[in-house]
Each structure stands twice: as C-alpha cells, then as structure tokens.
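Everything on this sheet refers to the single structure shown next.
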Amino acid sequence: MTPIIAFGEALVDMLSSRLGDDAQGPETFTPYAGGAPANVAVACARLGVPSRFLGMLGDDYFGDFLADELTAHGVDTSGVVRTDEARTALAFVSRDAAGERTFDFYRPPAADLLYRLEHLPAGVFESPAILHLCSNSLTEEAIAETTLSLADMAAKSGSLVSVDANLRHNLWASGQAEIGPVTQLIDRAALVKLAREELDYLRGDHPADDWLAERLRAGVRLLLITDGPDAVEVRTVNGSFQVTPPRVQAVDTTAGGDAFIGGLLATLADQDLSPQGAGNDWWHDEALLRRAVDVACRCGAHAVTRPGAYAALPTAQDLAAF
C-alpha cells in the first residue's frame, strides 16, 4: 500500500453553536481538530492507509490538542515540528441552516507558516508516496517556496502529488487568492481537486474547457471538479465522466471536501503507484477511477452529516454501514 504524506496547516476549528440566522441564546464555540491537509491525513488513516502529517504547531495548548488528536486517529506525527515563535492557528466557523460554513481565521501569524525545508525528516521521500498539498500554504512567500519545493522533490522521487485548491481568500493579504502561485502548484500535481466556484475563479476569462485542457497538457493526470451535492466531473487525457454523490442532509460541510479527497487517495493507495509498479498508469484505468470517485463521494457525504472534522471522517466500517 502506498503511504500518504500530507503537508500544510493543522488548526483548530472553533465551531459555533448556532445554525443559521434564527438561533436563539448565547453563542458558544466548541474546538474541533482541523486544517485541510491534516483532515486528509486523518481521513486516510481512518480508512487504514499509512498516513503521515508534516507541519508545524505552536508550543501551546492548541498545538498539544492537535498533536494528540492526530496521534489518536492513527496519523504518524514524527514529522510535526513545534515552535514558540508563533501560536497555533484558529478558525472560527459559522454555519447556515444548510450546514454551509464561513471561516474567520486567526492566521497569520501562525506556526504552520514557519515550516521550512530544513524541518523535513530525513529520507521522507526515499520510497514513493502520495504527497497531498493545499493552497493555504502559499499565502506567504517563504511558505509558498517550501510548498512548491516539496512538490518538486516528491515528483522527482516518483511520488504522486495531489493538490486540493481549497481556496480561502481571507487568508491572503489582498483578500483574494493569487492565481499565479495556485496555478503553479496545480501544474506540479498529478491529481487535482477543484470546487466549481474555484475553477470559475482560477480560469478568469478563459473558457473552463480550455483552462482544464491546459492543466492536462501541463502534466495533471486527473482533474476532479466538485459541485456541492451535485455530480462530480472527472477529467483525464482520455475523456470525462460524472459520478453523482449520495443525497444526505448536511449538518456541517467543514470536512466534506477533505473526506472526499481522503477517500479517493485511500482507494488509489491500494495500487502500486511507483514508477515501475503495476499501477503507475492508474489514470488510464476508468474502472479504478470510477470506483475511487464513488468511494470519495460516499466519504464526503458521510462527513457532512456530522459536526467537526476529524470525528466526522468515516472508517471503512462507517462506509459499509452508510
């Protein structure tokens, strides 16, 4: 089984007690372990895939909380670095009546932005792995350089690079994600997940089909365009197809996309993805891709029916029951 390595931010989601605008009484916030790449590491671990998280946490209460939660869910935290130079990031999460969320981030400054190549564990890419990245580690120049270099190192080692755009515009200094660095990261990946609104933002004035075709020419093998509860569009150099997720009543969509990509990567991890492996042309196997996206859809649907992130991510037993 190919191991998963997720790099980037782990943070604490402070989830509001209110659901929608009609909630009564005082508002309280409950801490849940989160952060998009950390969620993916947990999602894969809960599905039985060897999973490792690389990142930096503050040497503070919330850093302890996240480290303990990652370990409790089976994630290898030997690549986690602690620092007293910045605090662990927080995100205050509000939800509407349909469970859709908005974020108010306490970042920057934050510990995860201080991770550098010198903090990498020795031999991290000695054997091929799946490296998963998100755009939230591009929001400042130094962490962006680290992230892009990691993607290059992983690809050179024969690892599969996965990217979820996961745009959070309010994390960027200008209040909008910078299209250039995000596109640079996407074009370094073999597998890319975009929400429909992210695709519309990143393509600018270009027709969607032209922009997606350009990504495939750049070397991306698999493009996934999600659209909330609607069908997922799947594109490869061989063509396209759609997979429709199960219909559920959403409670909290915080971890839905991360559960989706975790289920997808966990399914692909069953293949030998090394350059000499039998599964090294996985993007040509439509049956495998359909199965992987179906698992991903069921993982995402399961996660949005529960509050929080790590605790909402399904195990194999949860999926079977679901």
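As shown in the structure tokens, the chain order sets the letters A, B, ...; within each chain, residues go from 1, and ligands are also counted from 1 in the order they appear.
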Excluding region 275-277 of chain A and residues on its chain fewer than 6 positions from it, collect all residues at most 9 Å away from it, counting only C-alpha atoms, and give them as a PyMOL selection string.
chain A and resi 128+158-159
Quick one: pick out all helix (DSSP H, G or I) residues within region 179-234 of chain A from a backbone DSSP run and write them as a PyMOL selection string.
chain A and resi 179-186+196-203+208-218
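When only C-alpha atoms are used to compute distances to Phe62 (chain A), the closest of the residues A:Arg18, A:Arg196, A:His119, A:Arg87 turns out to be A:Arg87.
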Picked from region 220-306 of chain A by DSSP as strand (DSSP E), as a ChimeraX atom specification
/A:222-227,230-236,239-243
Could you list, as a ChimeraX atom specification, every residue within 6 Å of Ile225 (chain A), counting only C-alpha atoms and ignoring same-chain residues fewer than 5 positions away?
/A:194-196,232-233
Can you write out the residues you just picked, keeping C-alpha atoms, as a PDB file, in the first residue's frame?
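What ended up in out.pdb:
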ATOM      1  CA  LEU A 194     -11.328  21.885  -7.520  1.00  0.00           C
ATOM      2  CA  ALA A 195     -14.732  23.056  -6.415  1.00  0.00           C
ATOM      3  CA  ARG A 196     -16.796  24.511  -9.249  1.00  0.00           C
ATOM      4  CA  VAL A 232     -18.569  15.320  -9.686  1.00  0.00           C
ATOM      5  CA  GLU A 233     -16.943  15.909 -13.067  1.00  0.00           C
TER       6      GLU A 233
END
Go through A:Gly55, A:Ala67, A:Trp211, A:Arg46 one by one, measure the shortest atom-to-atom distance of each to Thr146 (chain A) using only C-alpha atoms, and give the residue with the smallest value.
A:Gly55
Within 8 Å of Phe125 (chain A) using only C-alpha atoms, minus same-chain residues under 4 positions, as a list in words:
Ala129, Met153, Ala154, Ser157 and Ser159 of chain A
May I have the residues within 12 Å of region 236-246 of chain A as a VMD selection string, using only C-alpha atoms and disregarding those fewer than 2 positions away in the same chain?
chain A and resid 190 to 192 209 212 to 234 248 to 250 256 260 281 to 287 289 to 305 319 322
So that I can see what lies close to region 310-316 of chain A, please list as a count of residues only the residues with an atom at most 12 Å from it, counting only C-alpha atoms and leaving out residues fewer than 6 positions away in the same chain.
59
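Neighbours of Arg52 (chain A) closer than or equal to 7 Å, with only C-alpha atoms counted and sequence neighbours fewer than 3 positions away skipped, come out as Ile4, Ile5, Ala6, Ala41, Val75, Asp76 and Thr77 of chain A.
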Find the residues of region 122-153 of chain A that sit at most 12 Å from region 103-111 of chain A; for each, write down the nearest two atoms and how far apart they are in Å, to one decimal. Count only C-alpha atoms. Sort by chain, then by number going up, and give it as a Markdown table.
| residue | atom | partner | partner_atom | distance |
| --- | --- | --- | --- | --- |
| A:Asn136 | CA | A:Arg107 | CA | 10.6 |
| A:Ser137 | CA | A:Pro108 | CA | 11.3 |
| A:Thr139 | CA | A:Pro108 | CA | 9.3 |
| A:Glu140 | CA | A:Pro108 | CA | 9.2 |
| A:Ile143 | CA | A:Ala111 | CA | 10.9 |
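Taking CA of Ala269 (chain A) as the reference point, CA of Arg82 (chain A) is found at 29.0 Å.
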